[in-house]
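Dumped upload25.txt below, it's compact mmCIF, C-alpha atoms:
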# COMPACT_ATOMS: atom_id res chain seq x y z
CA MET A 1 101.71 103.29 138.18
CA MET A 2 103.31 105.74 135.78
CA GLU A 3 103.63 109.36 136.89
CA PRO A 4 103.57 112.50 134.68
CA VAL A 5 106.71 114.02 133.17
CA ASP A 6 107.29 117.63 132.19
CA GLU A 7 108.25 116.88 128.60
CA ILE A 8 109.46 114.22 126.19
CA ARG A 9 111.54 114.43 123.06
CA VAL A 10 111.13 111.79 120.37
CA GLN A 11 113.98 111.34 117.87
CA VAL A 12 113.32 109.18 114.82
CA LEU A 13 116.49 107.15 114.27
CA VAL A 14 115.08 104.66 111.74
CA ASP A 15 111.99 104.90 109.55
CA ASN A 16 110.90 103.91 106.04
CA VAL A 17 110.93 107.53 104.84
CA SER A 18 113.52 110.28 104.47
CA ASP A 19 112.11 113.81 104.21
CA GLY A 20 114.32 116.71 105.21
CA LEU A 21 112.26 119.47 103.58
CA SER A 22 108.60 119.25 104.52
CA SER A 23 107.32 121.75 107.07
CA GLY A 24 105.23 120.75 110.07
CA PRO A 25 103.72 121.89 113.35
CA ALA A 26 105.78 123.92 115.81
CA HIS A 27 106.62 120.90 117.99
CA VAL A 28 108.18 119.01 115.05
CA ARG A 29 111.60 119.66 113.50
CA ASN A 30 112.74 117.87 110.33
CA GLU A 31 116.11 116.28 109.54
CA PHE A 32 117.66 119.37 107.93
CA GLY A 33 116.29 121.65 110.64
CA ASN A 34 117.93 119.49 113.28
CA ALA A 35 121.21 119.60 111.33
CA VAL A 36 121.15 123.41 111.32
CA THR A 37 120.38 123.47 115.05
CA ARG A 38 123.50 121.38 115.61
CA GLY A 39 125.61 123.82 113.57
CA LEU A 40 125.87 121.60 110.49
CA ARG A 41 125.32 122.41 106.81
CA PRO A 42 122.07 120.83 105.61
CA ALA A 43 123.30 121.10 102.00
CA SER A 44 125.93 118.42 102.58
CA ALA A 45 125.95 114.67 102.02
CA ASP A 46 127.79 114.34 105.32
CA THR A 47 124.59 115.10 107.23
CA LEU A 48 122.22 112.79 105.35
CA CYS A 49 120.47 109.90 107.08
CA CYS A 50 119.20 106.82 105.28
CA ALA A 51 115.71 105.37 105.22
CA ALA A 52 115.16 101.67 105.91
CA HIS A 53 112.14 99.43 106.36
CA GLY A 54 111.74 99.48 110.14
CA LEU A 55 111.46 101.75 113.13
CA SER A 56 113.62 103.02 115.98
CA LEU A 57 112.75 105.89 118.32
CA LEU A 58 114.98 107.48 120.96
CA LEU A 59 112.73 108.76 123.76
CA THR A 60 114.08 111.20 126.34
CA ALA A 61 111.74 112.29 129.15
CA ARG A 62 112.32 115.00 131.76
CA ARG A 63 110.75 115.56 135.16
CA GLY A 64 112.34 118.50 136.94
CA ASP A 65 116.10 118.00 136.77
CA THR A 66 115.82 114.25 136.13
CA ARG A 67 116.10 112.83 132.62
CA HIS A 68 115.82 109.27 131.40
CA SER A 69 116.21 107.82 127.89
CA VAL A 70 114.70 104.69 126.37
CA LEU A 71 115.30 103.17 122.95
CA PHE A 72 112.03 101.90 121.46
CA ASP A 73 113.06 99.32 118.85
CA THR A 74 116.26 99.41 116.80
CA GLY A 75 115.29 99.08 113.15
CA PRO A 76 116.25 96.21 110.83
CA GLU A 77 120.04 96.25 110.60
CA ASP A 78 123.22 97.71 111.99
CA TYR A 79 124.11 100.03 109.11
CA ALA A 80 120.98 102.20 109.17
CA PHE A 81 120.91 102.42 112.96
CA GLY A 82 124.59 103.26 113.32
CA ARG A 83 124.78 105.70 110.43
CA ASN A 84 121.66 107.61 111.46
CA ALA A 85 122.46 107.75 115.16
CA LEU A 86 125.94 109.10 114.38
CA ARG A 87 124.79 111.70 111.85
CA LEU A 88 121.95 112.87 114.08
CA GLY A 89 124.26 113.21 117.06
CA ALA A 90 121.76 111.06 118.96
CA ALA A 91 122.81 110.48 122.57
CA VAL A 92 122.38 106.71 122.38
CA ASP A 93 124.97 106.36 125.16
CA THR A 94 122.41 107.84 127.58
CA VAL A 95 119.96 104.98 126.95
CA GLU A 96 119.18 103.14 130.18
CA ALA A 97 116.59 100.72 128.82
CA MET A 98 115.53 99.23 125.50
CA VAL A 99 112.04 98.08 124.65
CA LEU A 100 111.76 95.56 121.82
CA SER A 101 108.11 95.90 120.84
CA HIS A 102 107.72 92.50 119.17
CA GLY A 103 109.70 89.76 117.50
CA HIS A 104 110.04 91.01 113.93
CA TRP A 105 113.44 91.58 112.32
CA ASP A 106 112.59 95.09 111.08
CA HIS A 107 112.22 96.22 114.70
CA CYS A 108 114.97 94.20 116.43
CA GLY A 109 117.61 93.48 113.79
CA ALA A 110 120.07 96.07 115.14
CA ALA A 111 119.52 95.22 118.81
CA LEU A 112 123.06 93.98 119.46
CA SER A 113 124.77 96.96 117.85
CA ALA A 114 122.33 99.31 119.60
CA LEU A 115 123.33 97.74 122.91
CA ALA A 116 126.99 98.30 122.08
CA ALA A 117 126.28 101.95 121.25
CA ALA A 118 124.32 102.41 124.47
CA ARG A 119 127.09 100.93 126.59
CA LYS A 120 129.86 102.65 124.56
CA GLY A 121 132.67 100.43 125.80
CA THR A 122 131.64 100.58 129.46
CA GLU A 123 130.63 97.75 131.78
CA ARG A 124 127.21 99.34 132.27
CA ARG A 125 124.35 96.95 131.59
CA VAL A 126 121.12 97.99 129.88
CA ALA A 127 117.67 96.67 130.76
CA VAL A 128 115.99 95.14 127.68
CA TYR A 129 112.26 94.38 127.84
CA THR A 130 111.00 91.48 125.73
CA HIS A 131 108.02 89.12 125.44
CA PRO A 132 108.52 85.33 125.64
CA ASP A 133 106.76 84.67 122.32
CA MET A 134 108.97 86.98 120.26
CA PHE A 135 111.84 84.51 119.89
CA VAL A 136 110.09 81.85 117.80
CA THR A 137 110.90 81.29 114.13
CA ARG A 138 108.38 83.09 111.95
CA ALA A 139 107.35 82.92 108.32
CA LEU A 140 104.75 84.18 105.86
CA ARG A 141 102.57 82.03 103.63
CA LEU A 142 102.51 83.73 100.25
CA PRO A 143 99.39 83.88 98.03
CA ASP A 144 100.79 81.03 95.89
CA GLY A 145 101.10 78.83 98.99
CA HIS A 146 104.87 79.02 99.37
CA ILE A 147 106.35 79.77 102.80
CA THR A 148 109.08 82.38 103.20
CA VAL A 149 110.97 82.36 106.49
CA MET A 150 111.65 85.69 108.21
CA ASP A 151 115.00 86.69 109.64
CA GLY A 152 115.20 85.95 113.34
CA VAL A 153 115.79 88.33 116.23
CA PRO A 154 118.54 88.15 118.88
CA ASP A 155 117.61 85.69 121.62
CA PRO A 156 117.94 86.31 125.39
CA ALA A 157 121.36 84.64 125.53
CA GLN A 158 122.73 86.84 122.73
CA LEU A 159 121.28 89.94 124.35
CA THR A 160 122.72 88.99 127.73
CA ASN A 161 126.17 88.38 126.24
CA ALA A 162 125.97 91.81 124.62
CA GLY A 163 125.44 93.53 127.97
CA ALA A 164 121.68 93.39 128.49
CA ASP A 165 119.73 92.58 131.60
CA VAL A 166 116.90 90.87 129.77
CA ILE A 167 113.38 91.07 131.21
CA VAL A 168 111.18 88.45 129.56
CA THR A 169 107.57 88.97 130.57
CA ARG A 170 103.97 89.15 129.39
CA GLU A 171 103.09 91.61 132.15
CA PRO A 172 103.09 95.41 132.03
CA ALA A 173 106.03 97.31 133.49
CA VAL A 174 106.81 100.81 134.76
CA LEU A 175 110.31 102.07 133.94
CA LEU A 176 112.84 104.63 135.18
CA ASP A 177 111.42 106.65 138.05
CA ARG A 178 107.91 105.79 136.85
CA MET A 179 108.36 107.92 133.74
CA PHE A 180 107.49 105.24 131.16
CA TYR A 181 104.89 102.48 130.87
CA LEU A 182 105.12 99.26 128.85
CA SER A 183 101.81 97.50 128.29
CA GLY A 184 100.92 93.87 128.75
CA GLU A 185 99.31 91.88 125.94
CA ILE A 186 96.76 93.87 123.96
CA PRO A 187 93.10 92.76 124.02
CA ARG A 188 91.65 92.27 120.53
CA THR A 189 88.14 93.74 120.53
CA THR A 190 87.52 95.32 117.12
CA ASP A 191 86.09 93.36 114.19
CA PHE A 192 88.25 95.03 111.49
CA GLU A 193 91.81 94.60 112.82
CA PRO A 194 92.80 91.04 111.88
CA GLY A 195 96.44 90.97 112.96
CA MET A 196 98.87 89.69 110.34
CA PRO A 197 97.11 87.24 107.98
CA GLY A 198 99.37 84.53 106.65
CA GLN A 199 101.97 84.67 109.43
CA LEU A 200 103.20 81.32 110.75
CA ARG A 201 105.45 80.22 113.61
CA ARG A 202 107.34 77.16 114.78
CA ALA A 203 109.31 76.50 117.93
CA GLY A 204 112.15 74.59 116.23
CA PRO A 205 113.46 73.53 112.78
CA GLY A 206 111.68 70.16 112.86
CA ASP A 207 108.37 71.43 114.16
CA VAL A 208 105.19 72.01 112.20
CA TRP A 209 104.28 75.53 111.11
CA GLU A 210 101.34 76.91 113.09
CA PRO A 211 99.16 79.99 112.53
CA ASP A 212 100.56 83.10 114.23
CA GLU A 213 98.35 85.86 112.88
CA VAL A 214 97.56 87.51 116.23
CA VAL A 215 101.20 88.57 116.93
CA ILE A 216 100.43 88.41 120.66
CA ASP A 217 103.95 89.54 121.61
CA GLU A 218 103.50 93.10 120.34
CA ARG A 219 102.96 95.73 123.04
CA TRP A 220 102.61 99.52 123.21
CA PHE A 221 104.68 102.00 125.18
CA ALA A 222 103.59 105.30 126.73
CA VAL A 223 104.50 108.42 128.66
CA HIS A 224 102.16 110.85 130.44
CA VAL A 225 103.08 114.49 129.74
CA ALA A 226 101.66 116.85 132.36
CA GLY A 227 99.02 119.19 130.98
CA LYS A 228 98.68 117.19 127.75
CA GLY A 229 98.04 113.50 128.36
CA LEU A 230 99.27 110.16 127.09
CA ILE A 231 101.75 109.90 124.23
CA VAL A 232 101.30 106.33 122.96
CA PHE A 233 104.02 104.60 120.92
CA SER A 234 102.93 101.67 118.75
CA ALA A 235 105.71 100.17 116.69
CA CYS A 236 103.72 98.28 114.07
CA SER A 237 100.13 97.99 115.37
CA HIS A 238 99.63 94.37 114.35
CA ALA A 239 96.98 94.34 117.08
CA GLY A 240 95.32 97.28 115.33
CA ILE A 241 95.85 100.86 116.39
CA VAL A 242 92.25 101.14 117.58
CA ASN A 243 92.76 98.13 119.86
CA VAL A 244 95.99 99.74 121.06
CA LEU A 245 94.30 103.03 121.93
CA ASN A 246 91.31 101.30 123.51
CA HIS A 247 93.74 99.41 125.74
CA ALA A 248 95.67 102.58 126.59
CA ARG A 249 92.46 104.41 127.47
CA SER A 250 91.20 101.59 129.67
CA THR A 251 94.60 101.34 131.39
CA PHE A 252 94.68 105.08 132.14
CA PRO A 253 90.99 106.07 132.23
CA ASP A 254 91.67 109.41 133.93
CA VAL A 255 94.35 110.58 131.46
CA PRO A 256 93.37 111.95 128.02
CA LEU A 257 94.99 110.49 124.95
CA HIS A 258 97.10 113.27 123.45
CA ALA A 259 99.08 111.69 120.60
CA VAL A 260 100.01 108.43 118.94
CA VAL A 261 103.40 107.84 117.29
CA GLY A 262 104.49 104.87 115.21
CA GLY A 263 103.53 102.33 112.59
CA LEU A 264 99.80 101.86 112.02
CA HIS A 265 100.10 98.83 109.69
CA LEU A 266 97.69 100.09 107.07
CA ALA A 267 99.76 99.44 103.94
CA GLY A 268 99.59 96.54 101.50
CA PRO A 269 96.75 94.07 102.17
CA SER A 270 95.75 96.12 105.23
CA GLU A 271 94.72 99.09 103.07
CA ILE A 272 91.16 97.73 103.05
CA HIS A 273 90.94 98.61 106.75
CA ILE A 274 91.83 102.29 106.30
CA PRO A 275 88.26 103.67 106.25
CA ALA A 276 87.15 101.82 109.39
CA THR A 277 90.37 102.69 111.20
CA VAL A 278 90.22 106.41 110.37
CA GLN A 279 86.58 106.58 111.43
CA ALA A 280 87.28 104.82 114.74
CA LEU A 281 90.29 107.04 115.49
CA GLN A 282 88.05 110.09 115.52
CA GLU A 283 86.54 108.89 118.81
CA PHE A 284 89.79 109.39 120.77
CA GLY A 285 90.17 113.18 120.48
CA LEU A 286 93.84 112.93 119.50
CA ARG A 287 95.78 116.17 119.25
CA GLY A 288 98.67 114.52 117.44
CA ILE A 289 99.16 111.61 115.02
CA ALA A 290 102.68 110.82 113.81
CA PRO A 291 102.30 107.87 111.40
CA ALA A 292 105.48 105.98 110.60
CA HIS A 293 106.99 102.82 109.10
CA CYS A 294 104.19 100.49 107.93
CA THR A 295 101.37 103.05 107.79
CA GLY A 296 101.61 103.63 104.05
CA TRP A 297 100.91 106.71 101.95
CA ARG A 298 97.24 105.91 101.36
CA ALA A 299 96.54 105.80 105.08
CA VAL A 300 98.56 108.98 105.68
CA SER A 301 96.50 110.70 102.98
CA ALA A 302 93.24 109.52 104.56
CA LEU A 303 94.38 110.64 108.01
CA LEU A 304 95.30 114.09 106.69
CA GLN A 305 91.90 114.46 105.07
CA ALA A 306 90.13 113.43 108.28
CA PHE A 307 92.25 115.23 110.90
CA GLY A 308 94.15 117.97 109.08
CA GLU A 309 97.76 119.14 109.18
CA ASP A 310 97.49 120.53 112.71
CA VAL A 311 97.11 116.95 113.97
CA VAL A 312 98.88 114.71 111.43
CA ALA A 313 102.66 115.11 111.13
CA PRO A 314 104.13 112.00 109.42
CA CYS A 315 107.39 110.58 110.73
CA ALA A 316 110.62 110.52 108.74
CA VAL A 317 114.24 109.71 109.55
CA GLY A 318 115.90 112.49 111.52
CA LYS A 319 112.72 114.19 112.66
CA SER A 320 112.18 115.12 116.29
CA TYR A 321 108.92 115.69 118.17
CA ASP A 322 108.67 117.63 121.42
CA TYR A 323 105.66 117.03 123.64
Starting from the coordinates I provided, produce the structure as structure tokens.
Amino acid sequence: MMEPVDEIRVQVLVDNVSDGLSSGPAHVRNEFGNAVTRGLRPASADTLCCAAHGLSLLLTARRGDTRHSVLFDTGPEDYAFGRNALRLGAAVDTVEAMVLSHGHWDHCGAALSALAAARKGTERRVAVYTHPDMFVTRALRLPDGHITVMDGVPDPAQLTNAGADVIVTREPAVLLDRMFYLSGEIPRTTDFEPGMPGQLRRAGPGDVWEPDEVVIDERWFAVHVAGKGLIVFSACSHAGIVNVLNHARSTFPDVPLHAVVGGLHLAGPSEIHIPATVQALQEFGLRGIAPAHCTGWRAVSALLQAFGEDVVAPCAVGKSYDY
């Protein structure tokens, strides 16, 4: 089982939002603040990152003198990932493992270029954790009945050829000196978190489209920080963030939930679930909520009203969080 670490730093490499000015809690530094720390001029276009619809987090944990880094998703495309990682001075070449949270293009589209950056011209291979159901072709049925096909994600062969040791599994895993934990499939227990209505899947071009609203391949990631508790990373929360946190709490019943970071999927049609979600989140005693990506401004506003600025610190490109 996972063992506690002394600290973890979270660097936001890709997110839907760019915000270099807003202040936040002491453990959070914004894009411009990080530029100044690195000796750069924040009032310069040369330091600016770009926002993109997706998510990528560089996670670096320390226990004593030992450090390990994991890349949690890669964002939608090569340009945003490469530009932001370079301008942030992110040590992507220290990444020893990548976790691809689920099979959506906005989380895996830059996987091959991220692998190249992690390996940086060496022969070193990088462990990449995937779920077997994430490689199907997916689509959305629009309100008018039309079907729009999503971009695909790199398959195991492509990842392997790019230098990955691909682990395809439905089971949970403990990574890198037991510092990180990747969940298994998430139980769906709430009655207000419906998954992704309208999503379809098919195994091959000639096959029939089938319902795929559960998004069973999505999993959460976590680290246990000594003296604080679990930091839970949920990339898009198609399972529902309450289901995610219920699963995390049942997996680690003796460890308090300290913070949740990532997309809460409460924008667009999912906005109707904001009140029930915010109410249910109050049961977990969270000390930190860092909403990102698909959370949406209405949900962020509701979370701020319910939890206050000492707890809620929204993500943005270039931000870093120290736990």
Which residues are close to A:Asp93, i.e. within 10 Å by only C-alpha atoms, leaving aside same-chain residues fewer than 2 positions away? Reply as a list of chain:residue names.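 Near neighbours after the sequence-gap exclusion: A:Ser69, A:Ala90, A:Ala91, A:Val95, A:Glu96, A:Ala114, A:Leu115, A:Ala116, A:Ala117, A:Ala118, A:Arg119, A:Lys120, A:Gly121, A:Thr122.
Counting only C-alpha atoms, the residue from A:Ile231, A:Val128, A:Val168, A:Ala280 that sits nearest to A:Thr190 is A:Ala280.
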Between A:Leu142, A:Leu100, A:Leu182, A:Leu264, smallest distance to A:Pro156 by all atoms listed in the file belongs to A:Leu100
Produce a table with one row for each residue of stretch 60-162 of chain A that has an atom at most 7 Å from any atom of stretch 12-16 of chain A, each row naming the nearest atom pair and its distance in Å at one decimal; use all atoms listed in the file; arrange rows by chain and rising residue number; format as a Markdown table.
| residue | atom | partner | partner_atom | distance |
| --- | --- | --- | --- | --- |
| A:Gly75 | CA | A:Val14 | CA | 5.8 |
| A:Ala80 | CA | A:Val14 | CA | 6.9 |
| A:Phe81 | CA | A:Val14 | CA | 6.4 |
| A:Asn84 | CA | A:Leu13 | CA | 5.9 |
| A:Ala85 | CA | A:Leu13 | CA | 6.1 |
Of the candidates A:Gly33, A:Val242, A:Leu40, A:Pro197, which shows the shortest atom-to-atom distance to A:Gln282, using only C-alpha atoms?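 When distances to A:Gln282 are compared using only C-alpha atoms, the smallest one comes from A:Val242.
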With distances taken over only C-alpha atoms, which residue among A:Asp322, A:Glu218, A:Asp144, A:Glu213 lies nearest A:Val28?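 Ranking A:Asp322, A:Glu218, A:Asp144, A:Glu213 by distance to A:Val28, first place goes to A:Asp322.
Within the 8 Å cut-off around A:Asp106, using only C-alpha atoms and omitting residues fewer than 6 positions from it on the same chain, the listed residues are A:His53, A:Gly54, A:Leu55, A:Gly75, A:Pro76, A:Glu77.
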Would you export the selected residues with C-alpha atoms as a JSON list (two decimals), in the frame of the given file, please?
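Final output, again.json:
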[["chain", "number", "residue", "atom", "x", "y", "z"],
["A", 53, "HIS", "CA", 112.14, 99.43, 106.36],
["A", 54, "GLY", "CA", 111.74, 99.48, 110.14],
["A", 55, "LEU", "CA", 111.46, 101.75, 113.13],
["A", 75, "GLY", "CA", 115.29, 99.08, 113.15],
["A", 76, "PRO", "CA", 116.25, 96.21, 110.83],
["A", 77, "GLU", "CA", 120.04, 96.25, 110.60]]
Rounded to one decimal in Å, what is the spacing between atom CA of A:Asn243 and atom CA of A:Arg188? 6.0 Å
Rebuild N, CA and C atoms on stretch 189-207 of chain A, as a compact mmCIF listing (two decimals), in the frame of the given file?
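This went into result-v9.txt:
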# COMPACT_ATOMS: atom_id res chain seq x y z
N THR A 189 89.58 93.53 120.36
CA THR A 189 88.14 93.74 120.53
C THR A 189 87.44 94.23 119.27
N THR A 190 88.17 94.83 118.33
CA THR A 190 87.52 95.32 117.12
C THR A 190 87.28 94.17 116.14
N ASP A 191 86.38 94.41 115.18
CA ASP A 191 86.09 93.36 114.19
C ASP A 191 86.74 93.66 112.84
N PHE A 192 87.63 94.68 112.77
CA PHE A 192 88.25 95.03 111.49
C PHE A 192 89.76 95.09 111.58
N GLU A 193 90.35 94.60 112.67
CA GLU A 193 91.81 94.60 112.82
C GLU A 193 92.26 93.15 113.00
N PRO A 194 92.62 92.50 111.87
CA PRO A 194 92.80 91.04 111.88
C PRO A 194 94.17 90.54 112.30
N GLY A 195 95.09 91.43 112.66
CA GLY A 195 96.44 90.97 112.96
C GLY A 195 97.28 90.92 111.70
N MET A 196 98.00 89.83 111.50
CA MET A 196 98.87 89.69 110.34
C MET A 196 98.53 88.40 109.59
N PRO A 197 97.53 88.45 108.71
CA PRO A 197 97.11 87.24 107.98
C PRO A 197 98.26 86.60 107.24
N GLY A 198 98.34 85.28 107.35
CA GLY A 198 99.37 84.53 106.65
C GLY A 198 100.63 84.29 107.45
N GLN A 199 100.76 84.91 108.64
CA GLN A 199 101.97 84.67 109.43
C GLN A 199 101.90 83.32 110.12
N LEU A 200 103.06 82.64 110.15
CA LEU A 200 103.20 81.32 110.75
C LEU A 200 104.33 81.36 111.77
N ARG A 201 104.38 80.34 112.63
CA ARG A 201 105.45 80.22 113.61
C ARG A 201 105.75 78.75 113.85
N ARG A 202 106.99 78.50 114.31
CA ARG A 202 107.34 77.16 114.78
C ARG A 202 108.41 77.32 115.84
N ALA A 203 108.38 76.41 116.80
CA ALA A 203 109.31 76.50 117.93
C ALA A 203 110.72 76.07 117.54
N GLY A 204 110.84 75.10 116.62
CA GLY A 204 112.15 74.59 116.23
C GLY A 204 112.16 74.15 114.79
N PRO A 205 113.35 73.86 114.21
CA PRO A 205 113.46 73.53 112.78
C PRO A 205 112.63 72.33 112.36
N GLY A 206 112.44 71.34 113.25
CA GLY A 206 111.68 70.16 112.86
C GLY A 206 110.20 70.22 113.18
N ASP A 207 109.76 71.31 113.73
CA ASP A 207 108.37 71.43 114.16
C ASP A 207 107.47 71.88 113.01
